[in-house]
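Colleague: Below is the file entry13.cif, which contains mmCIF, C-alpha atoms.
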data_entry
#
loop_
_atom_site.label_atom_id
_atom_site.label_comp_id
_atom_site.auth_asym_id
_atom_site.auth_seq_id
_atom_site.Cartn_x
_atom_site.Cartn_y
_atom_site.Cartn_z
CA MET V 1 60.14 111.15 115.13
CA GLU V 2 62.86 108.85 113.82
CA THR V 3 60.60 107.74 110.98
CA ILE V 4 59.87 111.37 110.03
CA GLU V 5 63.60 112.07 110.02
CA LYS V 6 64.28 109.06 107.84
CA ILE V 7 61.54 109.99 105.38
CA THR V 8 62.76 113.59 105.26
CA SER V 9 66.34 112.49 104.56
CA GLU V 10 65.10 110.12 101.86
CA VAL V 11 62.92 112.80 100.21
CA ILE V 12 65.82 115.28 100.26
CA ALA V 13 68.16 112.64 98.85
CA ARG V 14 65.76 111.96 95.97
CA LEU V 15 65.16 115.65 95.27
CA ASN V 16 68.91 116.00 95.04
CA ALA V 17 69.31 112.96 92.83
CA GLY V 18 69.48 115.01 89.64
CA ASN V 19 71.37 117.72 91.44
CA PRO V 20 74.45 116.19 93.01
CA LEU V 21 75.57 117.29 96.47
CA PRO V 22 78.66 119.49 96.68
CA GLY V 23 81.99 117.80 97.48
CA ILE V 24 83.28 118.57 100.97
CA PRO V 25 86.82 120.01 100.83
CA ALA V 26 89.26 118.21 103.15
CA GLY V 27 91.15 120.39 105.63
CA VAL V 28 94.19 118.56 107.02
CA SER V 29 95.17 119.84 110.49
CA ASN V 30 98.80 119.58 111.42
CA ARG V 31 99.63 119.78 115.15
CA HIS V 32 98.69 123.23 116.48
CA ILE V 33 98.07 125.31 119.57
CA HIS V 34 95.21 127.58 120.67
CA LEU V 35 96.11 129.98 123.49
CA SER V 36 94.27 132.02 126.11
CA GLN V 37 95.42 135.66 126.35
CA GLU V 38 96.95 134.86 129.75
CA ASP V 39 98.99 131.90 128.44
CA LEU V 40 99.95 133.88 125.32
CA GLU V 41 101.46 136.59 127.52
CA SER V 42 103.23 134.02 129.74
CA LEU V 43 104.88 132.49 126.68
CA PHE V 44 105.57 135.55 124.51
CA GLY V 45 105.64 138.45 127.00
CA LYS V 46 103.31 140.94 128.70
CA GLY V 47 100.83 142.69 126.36
CA PHE V 48 101.75 140.39 123.43
CA SER V 49 99.29 139.84 120.61
CA LEU V 50 99.37 137.32 117.72
CA THR V 51 100.30 138.34 114.17
CA GLU V 52 98.07 136.84 111.47
CA MET V 53 100.04 134.94 108.82
CA LYS V 54 97.36 133.09 106.80
CA PRO V 55 93.57 132.79 107.07
CA LEU V 56 92.18 129.27 107.71
CA GLY V 57 89.11 127.63 106.18
CA GLN V 58 86.80 128.59 109.05
CA PRO V 59 85.82 132.31 109.00
CA GLY V 60 87.89 134.50 111.36
CA GLN V 61 90.40 131.73 112.20
CA TYR V 62 94.03 132.15 111.18
CA ALA V 63 97.51 130.66 111.40
CA ALA V 64 99.67 133.06 113.39
CA LYS V 65 103.27 133.91 112.62
CA GLU V 66 104.14 132.58 116.10
CA THR V 67 105.26 129.01 116.84
CA LEU V 68 106.12 127.22 120.09
CA CYS V 69 107.99 124.11 121.18
CA ILE V 70 105.89 121.35 122.79
CA ALA V 71 107.45 118.67 124.97
CA GLY V 72 106.68 115.50 126.90
CA PRO V 73 108.68 112.80 128.74
CA LYS V 74 110.02 111.24 125.52
CA GLY V 75 110.88 114.29 123.45
CA ALA V 76 110.00 117.68 122.04
CA ILE V 77 108.63 119.05 118.77
CA PRO V 78 109.71 122.61 117.94
CA GLY V 79 107.96 124.98 115.53
CA VAL V 80 104.36 124.10 116.39
CA ARG V 81 102.01 126.69 114.86
CA VAL V 82 99.82 128.88 117.09
CA LEU V 83 96.33 129.52 115.68
CA GLY V 84 94.38 132.71 116.34
CA PRO V 85 92.42 134.44 117.58
CA VAL V 86 93.03 133.76 121.29
CA ARG V 87 90.43 131.59 123.03
CA LYS V 88 88.99 131.38 126.53
CA GLU V 89 91.12 128.29 127.19
CA SER V 90 94.41 127.03 125.74
CA GLN V 91 94.38 123.73 123.86
CA VAL V 92 97.08 121.68 122.11
CA GLU V 93 95.98 119.39 119.26
CA ILE V 94 98.42 116.70 118.14
CA SER V 95 98.27 113.44 116.21
CA ARG V 96 98.73 109.98 117.74
CA THR V 97 102.10 109.83 115.95
CA ASP V 98 103.14 113.07 117.70
CA ALA V 99 101.82 111.68 121.00
CA TYR V 100 104.11 108.62 120.75
CA GLN V 101 107.10 110.85 119.93
CA LEU V 102 106.39 113.11 122.94
CA GLY V 103 105.47 110.25 125.27
CA VAL V 104 102.03 111.64 126.17
CA ASN V 105 98.66 109.93 125.84
CA PRO V 106 95.88 112.37 124.91
CA PRO V 107 92.31 111.18 124.34
CA VAL V 108 90.50 111.54 120.99
CA ARG V 109 88.15 114.43 121.70
CA LEU V 110 86.14 117.24 120.26
CA SER V 111 87.79 120.66 120.41
CA GLY V 112 86.91 122.25 123.77
CA ASP V 113 86.25 118.94 125.57
CA LEU V 114 89.34 119.01 127.77
CA ALA V 115 88.37 117.49 131.16
CA GLY V 116 90.79 114.64 131.90
CA SER V 117 92.88 115.19 128.76
CA ALA V 118 96.71 115.08 128.74
CA ASP V 119 99.25 117.46 130.27
CA ILE V 120 101.87 118.96 127.97
CA CYS V 121 104.83 121.35 128.26
CA VAL V 122 104.79 124.42 126.03
CA ILE V 123 107.95 126.49 125.66
CA GLY V 124 108.02 130.01 124.27
CA PRO V 125 110.60 132.78 123.93
CA ALA V 126 109.43 134.53 127.13
CA GLY V 127 108.35 131.63 129.32
CA MET V 128 107.50 127.96 129.78
CA LEU V 129 104.18 126.46 130.90
CA VAL V 130 102.87 123.08 131.91
CA LEU V 131 99.41 123.08 130.31
CA LYS V 132 97.44 120.75 132.59
CA SER V 133 94.75 118.70 130.90
CA LYS V 134 95.00 120.65 127.66
CA ALA V 135 96.26 118.19 125.02
CA ILE V 136 93.88 116.21 122.79
CA ILE V 137 93.80 114.32 119.52
CA ALA V 138 91.00 115.99 117.55
CA GLN V 139 87.99 113.87 116.62
CA ARG V 140 87.36 114.05 112.87
CA HIS V 141 84.42 116.29 111.99
CA ILE V 142 82.70 118.23 109.22
CA HIS V 143 81.90 121.93 109.56
CA MET V 144 78.79 123.08 107.71
CA THR V 145 75.96 125.60 107.97
CA PRO V 146 72.44 124.45 108.98
CA GLU V 147 71.37 125.01 105.33
CA GLU V 148 74.15 122.67 104.14
CA ALA V 149 73.16 120.17 106.85
CA ARG V 150 69.60 120.13 105.43
CA LEU V 151 71.01 119.61 101.93
CA PHE V 152 73.08 116.62 103.14
CA GLY V 153 70.18 115.29 105.25
CA VAL V 154 72.17 115.47 108.51
CA SER V 155 72.02 117.46 111.77
CA ASP V 156 74.51 118.95 114.21
CA GLY V 157 75.90 116.11 116.37
CA ASP V 158 75.29 113.30 113.85
CA LEU V 159 78.04 110.74 113.22
CA VAL V 160 78.61 109.85 109.57
CA ASP V 161 80.86 107.75 107.33
CA VAL V 162 83.04 109.92 105.10
CA THR V 163 85.29 108.99 102.20
CA CYS V 164 87.33 110.50 99.41
CA ASP V 165 88.60 108.89 96.18
CA SER V 166 92.21 109.23 97.28
CA GLU V 167 95.19 106.96 96.65
CA ARG V 168 94.69 104.77 99.72
CA LYS V 169 90.92 105.05 100.06
CA CYS V 170 89.54 104.84 103.61
CA VAL V 171 86.02 105.22 104.92
CA PHE V 172 86.16 107.29 108.11
CA SER V 173 83.41 106.18 110.49
CA GLY V 174 82.19 108.31 113.37
CA THR V 175 82.85 111.67 111.70
CA LEU V 176 80.95 114.31 113.68
CA ILE V 177 78.71 116.91 112.02
CA ARG V 178 79.30 120.38 113.50
CA SER V 179 76.76 122.79 112.11
CA THR V 180 76.72 126.52 112.92
CA SER V 181 75.62 129.52 110.87
CA THR V 182 79.21 130.78 110.66
CA SER V 183 80.80 127.49 109.47
CA ALA V 184 82.52 126.97 106.13
CA LEU V 185 82.00 123.52 104.58
CA GLU V 186 85.13 121.51 105.48
CA PHE V 187 86.07 117.92 106.47
CA HIS V 188 88.67 118.22 109.23
CA ILE V 189 91.13 115.37 109.75
CA ASP V 190 94.58 115.19 111.28
CA THR V 191 97.85 114.24 109.56
CA ASP V 192 97.63 110.55 110.58
CA GLU V 193 94.21 110.29 108.96
CA ALA V 194 95.27 112.25 105.86
CA ASN V 195 98.44 110.19 105.41
CA ALA V 196 96.69 106.87 105.99
CA ALA V 197 94.25 107.68 103.18
CA GLY V 198 96.53 109.72 100.90
CA ILE V 199 94.27 112.78 101.34
CA LYS V 200 95.60 116.27 100.66
CA ASN V 201 94.15 119.66 101.56
CA GLY V 202 91.23 120.61 99.35
CA MET V 203 90.49 117.13 97.99
CA LEU V 204 86.73 116.56 97.91
CA ALA V 205 85.12 114.12 100.32
CA ARG V 206 81.55 112.83 100.52
CA ILE V 207 79.22 111.46 103.18
CA GLU V 208 78.47 107.79 102.51
CA GLY V 209 75.91 107.24 105.27
CA ARG V 210 75.41 107.29 109.02
CA SER V 211 77.87 105.57 111.35
CA MET A 1 83.94 81.91 85.70
CA GLU A 2 83.05 85.02 87.67
CA THR A 3 79.58 83.66 88.38
CA ILE A 4 81.01 80.38 89.63
CA GLU A 5 83.38 82.30 91.89
CA LYS A 6 80.52 84.41 93.25
CA ILE A 7 78.34 81.36 93.91
CA THR A 8 81.23 79.55 95.57
CA SER A 9 81.93 82.53 97.84
CA GLU A 10 78.23 82.77 98.70
CA VAL A 11 77.94 79.04 99.46
CA ILE A 12 81.05 79.19 101.65
CA ALA A 13 79.75 82.29 103.41
CA ARG A 14 76.45 80.53 104.19
CA LEU A 15 78.18 77.32 105.33
CA ASN A 16 80.18 79.51 107.67
CA ALA A 17 77.16 81.43 108.91
CA GLY A 18 76.84 79.33 112.04
CA ASN A 19 80.60 79.08 112.29
CA PRO A 20 82.04 82.59 112.39
CA LEU A 21 85.26 83.39 110.51
CA PRO A 22 88.40 83.89 112.60
CA GLY A 23 89.42 87.49 113.37
CA ILE A 24 92.52 88.63 111.50
CA PRO A 25 95.19 89.92 113.92
CA ALA A 26 96.53 93.36 112.99
CA GLY A 27 100.29 93.67 112.59
CA VAL A 28 101.40 97.31 112.73
CA SER A 29 104.66 97.89 110.82
CA ASN A 30 106.84 100.71 112.02
CA ARG A 31 109.47 102.01 109.57
CA HIS A 32 112.00 99.26 108.83
CA ILE A 33 114.77 98.10 106.53
CA HIS A 34 115.43 94.87 104.63
CA LEU A 35 119.04 94.46 103.45
CA SER A 36 120.90 92.42 100.86
CA GLN A 37 124.00 90.66 102.17
CA GLU A 38 126.16 93.07 100.12
CA ASP A 39 124.50 96.19 101.58
CA LEU A 40 124.56 94.66 105.08
CA GLU A 41 128.34 94.26 104.82
CA SER A 42 128.77 97.79 103.40
CA LEU A 43 126.89 99.24 106.38
CA PHE A 44 128.07 96.99 109.23
CA GLY A 45 131.40 95.57 107.99
CA LYS A 46 132.81 92.69 105.97
CA GLY A 47 131.39 89.27 106.90
CA PHE A 48 128.73 90.77 109.18
CA SER A 49 125.56 88.85 109.93
CA LEU A 50 122.33 89.98 111.65
CA THR A 51 121.49 89.01 115.23
CA GLU A 52 117.89 87.96 115.79
CA MET A 53 116.16 89.96 118.52
CA LYS A 54 112.48 89.02 118.20
CA PRO A 55 110.49 86.81 115.81
CA LEU A 56 107.82 88.54 113.68
CA GLY A 57 104.34 87.32 112.79
CA GLN A 58 105.40 85.80 109.44
CA PRO A 59 107.33 82.49 109.85
CA GLY A 60 111.13 82.88 109.66
CA GLN A 61 111.03 86.70 109.71
CA TYR A 62 112.59 88.55 112.64
CA ALA A 63 113.48 91.96 114.02
CA ALA A 64 117.27 92.16 114.23
CA LYS A 65 119.23 93.75 117.05
CA GLU A 66 120.72 96.11 114.44
CA THR A 67 119.35 99.56 113.59
CA LEU A 68 120.40 102.19 111.05
CA CYS A 69 119.90 105.90 110.46
CA ILE A 70 117.91 106.86 107.34
CA ALA A 71 118.13 110.34 105.82
CA GLY A 72 116.71 112.55 103.09
CA PRO A 73 116.98 116.23 102.07
CA LYS A 74 114.82 117.44 105.00
CA GLY A 75 116.14 115.35 107.86
CA ALA A 76 117.14 112.01 109.32
CA ILE A 77 115.53 109.33 111.48
CA PRO A 78 117.97 107.32 113.62
CA GLY A 79 117.32 103.90 115.15
CA VAL A 80 115.39 102.35 112.25
CA ARG A 81 115.07 98.59 112.81
CA VAL A 82 116.63 96.12 110.35
CA LEU A 83 114.50 93.03 109.69
CA GLY A 84 115.98 89.64 108.86
CA PRO A 85 116.82 87.41 107.20
CA VAL A 86 118.74 89.19 104.41
CA ARG A 87 116.96 89.44 101.07
CA LYS A 88 118.01 89.49 97.43
CA GLU A 89 117.43 93.24 97.32
CA SER A 90 117.47 95.97 100.00
CA GLN A 91 114.23 97.83 100.68
CA VAL A 92 113.29 100.64 103.08
CA GLU A 93 109.63 100.87 104.18
CA ILE A 94 108.47 104.13 105.77
CA SER A 95 105.17 105.89 106.42
CA ARG A 96 103.96 109.03 104.60
CA THR A 97 104.58 110.91 107.87
CA ASP A 98 108.22 109.72 107.85
CA ALA A 99 108.47 110.64 104.15
CA TYR A 100 107.47 114.27 104.87
CA GLN A 101 110.00 114.44 107.71
CA LEU A 102 112.79 113.11 105.50
CA GLY A 103 111.73 115.10 102.42
CA VAL A 104 111.41 112.06 100.16
CA ASN A 105 108.40 110.96 98.12
CA PRO A 106 108.08 107.18 97.91
CA PRO A 107 105.16 105.53 96.10
CA VAL A 108 102.63 103.27 97.85
CA ARG A 109 103.73 99.82 96.68
CA LEU A 110 103.77 96.15 97.39
CA SER A 111 106.94 94.84 99.02
CA GLY A 112 109.41 93.95 96.26
CA ASP A 113 107.88 96.28 93.62
CA LEU A 114 110.72 98.81 93.61
CA ALA A 115 111.08 100.09 90.02
CA GLY A 116 110.86 103.89 90.08
CA SER A 117 110.55 104.11 93.88
CA ALA A 118 112.39 106.70 96.00
CA ASP A 119 116.11 107.07 96.76
CA ILE A 120 117.16 107.18 100.41
CA CYS A 121 120.40 107.49 102.39
CA VAL A 122 121.17 104.75 104.89
CA ILE A 123 123.92 105.26 107.43
CA GLY A 124 125.51 102.48 109.44
CA PRO A 125 128.45 102.11 111.81
CA ALA A 126 130.80 100.89 109.05
CA GLY A 127 129.55 102.77 106.00
CA MET A 128 126.95 104.93 104.26
CA LEU A 129 124.91 104.06 101.17
CA VAL A 130 122.56 105.83 98.82
CA LEU A 131 119.94 103.18 98.18
CA LYS A 132 118.65 104.08 94.71
CA SER A 133 114.99 103.36 94.06
CA LYS A 134 114.63 101.34 97.26
CA ALA A 135 112.17 103.29 99.45
CA ILE A 136 108.42 102.59 99.43
CA ILE A 137 105.31 103.10 101.54
CA ALA A 138 103.92 99.59 101.95
CA GLN A 139 100.48 98.89 100.52
CA ARG A 140 98.21 97.42 103.19
CA HIS A 141 97.70 93.68 102.81
CA ILE A 142 96.58 90.50 104.52
CA HIS A 143 98.80 87.43 104.72
CA MET A 144 96.96 84.11 104.74
CA THR A 145 97.33 80.51 103.59
CA PRO A 146 95.35 79.24 100.54
CA GLU A 147 93.16 77.28 103.01
CA GLU A 148 92.35 80.47 104.91
CA ALA A 149 91.70 82.26 101.59
CA ARG A 150 89.11 79.60 100.75
CA LEU A 151 87.53 80.04 104.17
CA PHE A 152 87.25 83.82 103.64
CA GLY A 153 86.09 83.37 100.05
CA VAL A 154 89.02 85.35 98.58
CA SER A 155 92.06 84.63 96.40
CA ASP A 156 95.65 85.80 96.20
CA GLY A 157 95.69 89.25 94.57
CA ASP A 158 92.12 90.24 95.55
CA LEU A 159 91.49 93.71 96.96
CA VAL A 160 89.16 93.83 99.95
CA ASP A 161 87.68 96.29 102.47
CA VAL A 162 88.97 95.63 105.99
CA THR A 163 87.90 97.08 109.32
CA CYS A 164 88.40 96.68 113.04
CA ASP A 165 86.18 97.88 115.91
CA SER A 166 88.85 100.28 117.12
CA GLU A 167 88.50 103.71 118.74
CA ARG A 168 88.51 105.68 115.47
CA LYS A 169 86.98 103.07 113.19
CA CYS A 170 88.10 103.18 109.54
CA VAL A 171 87.28 100.89 106.65
CA PHE A 172 90.47 100.29 104.68
CA SER A 173 89.68 99.84 100.99
CA GLY A 174 92.07 98.24 98.55
CA THR A 175 93.70 95.86 101.04
CA LEU A 176 95.56 93.21 99.06
CA ILE A 177 95.23 89.49 99.78
CA ARG A 178 98.64 87.75 99.78
CA SER A 179 98.18 84.05 100.05
CA THR A 180 101.07 81.57 100.27
CA SER A 181 101.35 78.21 102.01
CA THR A 182 103.89 79.63 104.50
CA SER A 183 101.87 82.72 105.53
CA ALA A 184 100.53 83.41 109.01
CA LEU A 185 97.13 85.15 109.13
CA GLU A 186 97.89 88.85 109.66
CA PHE A 187 96.54 92.27 108.52
CA HIS A 188 99.61 94.44 107.82
CA ILE A 189 99.26 98.23 108.09
CA ASP A 190 101.74 101.02 108.74
CA THR A 191 101.81 103.43 111.69
CA ASP A 192 99.82 106.15 109.85
CA GLU A 193 97.03 103.68 109.19
CA ALA A 194 97.14 102.25 112.71
CA ASN A 195 97.14 105.70 114.34
CA ALA A 196 94.37 107.04 112.08
CA ALA A 197 92.12 104.16 113.16
CA GLY A 198 93.34 103.65 116.73
CA ILE A 199 94.46 100.11 115.89
CA LYS A 200 97.07 98.34 118.02
CA ASN A 201 99.08 95.20 117.31
CA GLY A 202 97.01 92.05 117.70
CA MET A 203 93.57 93.71 117.53
CA LEU A 204 91.26 91.61 115.37
CA ALA A 205 90.17 92.87 111.96
CA ARG A 206 87.61 91.48 109.52
CA ILE A 207 87.00 91.54 105.78
CA GLU A 208 83.81 93.50 105.00
CA GLY A 209 83.69 92.89 101.26
CA ARG A 210 85.52 93.40 98.00
CA SER A 211 86.95 96.84 97.10
#
Using structure tokens, write down the structure from this file.

Modeller:
Amino acid sequence: METIEKITSEVIARLNAGNPLPGIPAGVSNRHIHLSQEDLESLFGKGFSLTEMKPLGQPGQYAAKETLCIAGPKGAIPGVRVLGPVRKESQVEISRTDAYQLGVNPPVRLSGDLAGSADICVIGPAGMLVLKSKAIIAQRHIHMTPEEARLFGVSDGDLVDVTCDSERKCVFSGTLIRSTSTSALEFHIDTDEANAAGIKNGMLARIEGRS
Amino acid sequence: METIEKITSEVIARLNAGNPLPGIPAGVSNRHIHLSQEDLESLFGKGFSLTEMKPLGQPGQYAAKETLCIAGPKGAIPGVRVLGPVRKESQVEISRTDAYQLGVNPPVRLSGDLAGSADICVIGPAGMLVLKSKAIIAQRHIHMTPEEARLFGVSDGDLVDVTCDSERKCVFSGTLIRSTSTSALEFHIDTDEANAAGIKNGMLARIEGRS
């Protein structure tokens, strides 16, 4: 099976040799918050719903007009953007730099993988919550459709090395492929990763190989 | 000449094959300030001298007890450590994350290469200064002696790819070799780079090749 996969990847790579692969636009995620409807109402008031401010790269996702203050034992960061639509479970995604400032220690995780993650305080205009085991540092990943995955010779769940010809070039190992039919092609990194490499939103990245 | 260099590197690499190269300890630089004696006195008072708090990895360098506030058009960061001893010219080294917070735009540069770099306000207990063209983001580099350079098969001024088996493994391209007889072996990165890769002070890095 592994041999077949290798041969298939190689054949695809050669077929594409005269037909270069598309660049993968970088999407830099600043700290942000996803909320459940219940937590949204606790923070903003009964019956509250988010107001869309700007669509995001992934279809249906948006930055809301609403922001919240997040806090930990060492400090607080106000003005943290809420993303919509609401989800089944709330989740706070911060960078390691933010984590030091707040004095919390979240694990590097995939979105949705919250068991044993960090606690964080979230403060809104209508209420305050301690979100238990809801804070993570997002693992870098690439969104793509299954058709794009075939084109790149990768599959959902693969870990790849990704780079970008930016000012302070880095090769990011262990970047996860997330492939669903509703994905838009995008390389998601956080602000620490973007700043370390000098990457800005929309710059084109490429897969250099498997990690 | 290039061929001779390549052969020499290859021969050294093979001689060392049974004798692995030493790991290069990572030194993570948080934002910090070097001061000239004149600026030190403007900020802390006439005749002032720094008090050593903790020695740094490079011989003779130390973290001083003194801190200062730095500021730009978007904000200020208090408690920024002054490093000693005093230098011929003042220099403020911050991360890209700090630069966004302050609203300044320093170039990525080698220490000492200040022409055309960013302006920054520095505020001390006895005075305030606008340091003109004195703020940079430090280019990642490795300090080593010429003997260590020979061992690694590199020379002062070379650019190499460096990595570390950290949680979020990155390969850092364009890392500059700085070789002097008084250097201690150390891979210097800033907090953005350390946080992007999950690298902590003292973790061992290795050179993977030339950039």

Colleague: Kindly give the distance, in Å, that separates CA of Glu186 in chain V and CA of Thr97 in chain A, rounded to a single decimal.

Modeller: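 CA of Thr97 in chain A lies at a distance of 22.3 Å from CA of Glu186 in chain V.
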
Colleague: Name all residues at most 12 Å from range 203-211 of chain V (count all atoms listed in the file; drop same-chain ones fewer than 5 positions away) and give them as an NGL selection string.

Modeller: (:V and (6 or 9-10 or 13 or 20-28 or 141-142 or 149 or 151-155 or 157-167 or 169-177 or 185-189 or 194 or 197-198)) or (:A and (168-171))

Colleague: Between CA of Asp113 in chain A and CA of Arg178 in chain A, measure the distance and give it in Å to one decimal.

Modeller: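 CA of Arg178 in chain A lies at a distance of 14.0 Å from CA of Asp113 in chain A.
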
Colleague: Name the residues within 12 Å of (88.9, 126.3, 124.2), counting all atoms listed in the file in the file's coordinates, and put them as a PDB file with C-alpha atoms, keeping the file's coordinate frame.

Modeller:
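Ended up saving to point-v5.pdb:
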ATOM      1  CA  ILE V  33      98.070 125.310 119.570  1.00  0.00           C
ATOM      2  CA  HIS V  34      95.210 127.580 120.670  1.00  0.00           C
ATOM      3  CA  LEU V  35      96.110 129.980 123.490  1.00  0.00           C
ATOM      4  CA  SER V  36      94.270 132.020 126.110  1.00  0.00           C
ATOM      5  CA  GLN V  37      95.420 135.660 126.350  1.00  0.00           C
ATOM      6  CA  LEU V  83      96.330 129.520 115.680  1.00  0.00           C
ATOM      7  CA  GLY V  84      94.380 132.710 116.340  1.00  0.00           C
ATOM      8  CA  PRO V  85      92.420 134.440 117.580  1.00  0.00           C
ATOM      9  CA  VAL V  86      93.030 133.760 121.290  1.00  0.00           C
ATOM     10  CA  ARG V  87      90.430 131.590 123.030  1.00  0.00           C
ATOM     11  CA  LYS V  88      88.990 131.380 126.530  1.00  0.00           C
ATOM     12  CA  GLU V  89      91.120 128.290 127.190  1.00  0.00           C
ATOM     13  CA  SER V  90      94.410 127.030 125.740  1.00  0.00           C
ATOM     14  CA  GLN V  91      94.380 123.730 123.860  1.00  0.00           C
ATOM     15  CA  VAL V  92      97.080 121.680 122.110  1.00  0.00           C
ATOM     16  CA  GLU V  93      95.980 119.390 119.260  1.00  0.00           C
ATOM     17  CA  LEU V 110      86.140 117.240 120.260  1.00  0.00           C
ATOM     18  CA  SER V 111      87.790 120.660 120.410  1.00  0.00           C
ATOM     19  CA  GLY V 112      86.910 122.250 123.770  1.00  0.00           C
ATOM     20  CA  ASP V 113      86.250 118.940 125.570  1.00  0.00           C
ATOM     21  CA  LEU V 114      89.340 119.010 127.770  1.00  0.00           C
ATOM     22  CA  ALA V 115      88.370 117.490 131.160  1.00  0.00           C
ATOM     23  CA  SER V 133      94.750 118.700 130.900  1.00  0.00           C
ATOM     24  CA  LYS V 134      95.000 120.650 127.660  1.00  0.00           C
ATOM     25  CA  ALA V 135      96.260 118.190 125.020  1.00  0.00           C
ATOM     26  CA  ILE V 136      93.880 116.210 122.790  1.00  0.00           C
TER      27      ILE V 136
END

Colleague: Find the spatial neighbours of Leu68 in chain A, counting all atoms listed in the file, within a cut-off of 10 Å - ignore same-chain residues fewer than 5 positions away - and output them as a ChimeraX atom specification.

Modeller: /A:32-33,43-44,77-82,122-125,128

Colleague: Do you know which residues the PyMOL selection byres ((chain A and resi 57-65) around 7) returns on this file, as a count of residues only?

Modeller: 17

Colleague: Report, in Å with one decimal, the straight-line distance from CA of Gly116 in chain A to CA of Gly103 in chain A.

Modeller: 16.7 Å

Colleague: Return the single residue from V:Leu102, V:Val108, V:Leu129, V:Ala76 that is closest to chain A, with distances computed using all atoms listed in the file.

Modeller: V:Val108

Colleague: Which residue gives the smallest distance to chain A among V:Lys132, V:Asn195, V:Ser49, V:Arg140, with all atoms listed in the file counted?

Modeller: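 Nearest candidate to chain A out of V:Lys132, V:Asn195, V:Ser49, V:Arg140: V:Asn195.
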
Colleague: Using all atoms listed in the file, find the one residue out of V:Arg150, V:His143, V:Lys200, V:Lys46 that sits nearest to chain A.

Modeller: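 Selected residue with least distance to chain A: V:Lys200.
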
Colleague: Once all heavy atoms are restored for range 40-44 of chain V, what would the output be as a PDB file, keeping the file's coordinate frame?

Modeller:
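Saved result, rebuild35.pdb, follows:
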ATOM      1  N   LEU V  40      99.200 133.210 126.392  1.00  0.00           N
ATOM      2  CA  LEU V  40      99.950 133.880 125.320  1.00  0.00           C
ATOM      3  C   LEU V  40     100.985 134.838 125.912  1.00  0.00           C
ATOM      4  O   LEU V  40     102.157 134.836 125.515  1.00  0.00           O
ATOM      5  CB  LEU V  40      98.968 134.662 124.415  1.00  0.00           C
ATOM      6  CG  LEU V  40      99.594 135.504 123.298  1.00  0.00           C
ATOM      7  CD1 LEU V  40     100.191 134.615 122.216  1.00  0.00           C
ATOM      8  CD2 LEU V  40      98.562 136.453 122.676  1.00  0.00           C
ATOM      9  N   GLU V  41     100.545 135.604 126.911  1.00  0.00           N
ATOM     10  CA  GLU V  41     101.460 136.590 127.520  1.00  0.00           C
ATOM     11  C   GLU V  41     102.545 135.895 128.344  1.00  0.00           C
ATOM     12  O   GLU V  41     103.688 136.356 128.378  1.00  0.00           O
ATOM     13  CB  GLU V  41     100.679 137.607 128.351  1.00  0.00           C
ATOM     14  CG  GLU V  41      99.723 138.415 127.452  1.00  0.00           C
ATOM     15  CD  GLU V  41      99.132 139.670 128.120  1.00  0.00           C
ATOM     16  OE1 GLU V  41      99.706 140.134 129.134  1.00  0.00           O
ATOM     17  OE2 GLU V  41      98.121 140.177 127.599  1.00  0.00           O
ATOM     18  N   SER V  42     102.202 134.760 128.988  1.00  0.00           N
ATOM     19  CA  SER V  42     103.230 134.020 129.740  1.00  0.00           C
ATOM     20  C   SER V  42     104.312 133.487 128.817  1.00  0.00           C
ATOM     21  O   SER V  42     105.482 133.425 129.184  1.00  0.00           O
ATOM     22  CB  SER V  42     102.615 132.823 130.484  1.00  0.00           C
ATOM     23  OG  SER V  42     101.616 133.252 131.365  1.00  0.00           O
ATOM     24  N   LEU V  43     103.931 133.117 127.603  1.00  0.00           N
ATOM     25  CA  LEU V  43     104.880 132.490 126.680  1.00  0.00           C
ATOM     26  C   LEU V  43     105.640 133.504 125.821  1.00  0.00           C
ATOM     27  O   LEU V  43     106.812 133.295 125.496  1.00  0.00           O
ATOM     28  CB  LEU V  43     104.149 131.494 125.774  1.00  0.00           C
ATOM     29  CG  LEU V  43     103.574 130.264 126.491  1.00  0.00           C
ATOM     30  CD1 LEU V  43     102.484 129.603 125.662  1.00  0.00           C
ATOM     31  CD2 LEU V  43     104.687 129.271 126.801  1.00  0.00           C
ATOM     32  N   PHE V  44     104.957 134.596 125.444  1.00  0.00           N
ATOM     33  CA  PHE V  44     105.570 135.550 124.510  1.00  0.00           C
ATOM     34  C   PHE V  44     105.870 136.913 125.134  1.00  0.00           C
ATOM     35  O   PHE V  44     106.537 137.730 124.523  1.00  0.00           O
ATOM     36  CB  PHE V  44     104.678 135.737 123.274  1.00  0.00           C
ATOM     37  CG  PHE V  44     104.626 134.537 122.365  1.00  0.00           C
ATOM     38  CD1 PHE V  44     103.587 133.617 122.441  1.00  0.00           C
ATOM     39  CD2 PHE V  44     105.639 134.306 121.435  1.00  0.00           C
ATOM     40  CE1 PHE V  44     103.541 132.508 121.614  1.00  0.00           C
ATOM     41  CE2 PHE V  44     105.600 133.197 120.593  1.00  0.00           C
ATOM     42  CZ  PHE V  44     104.549 132.296 120.684  1.00  0.00           C
TER      43      PHE V  44
END
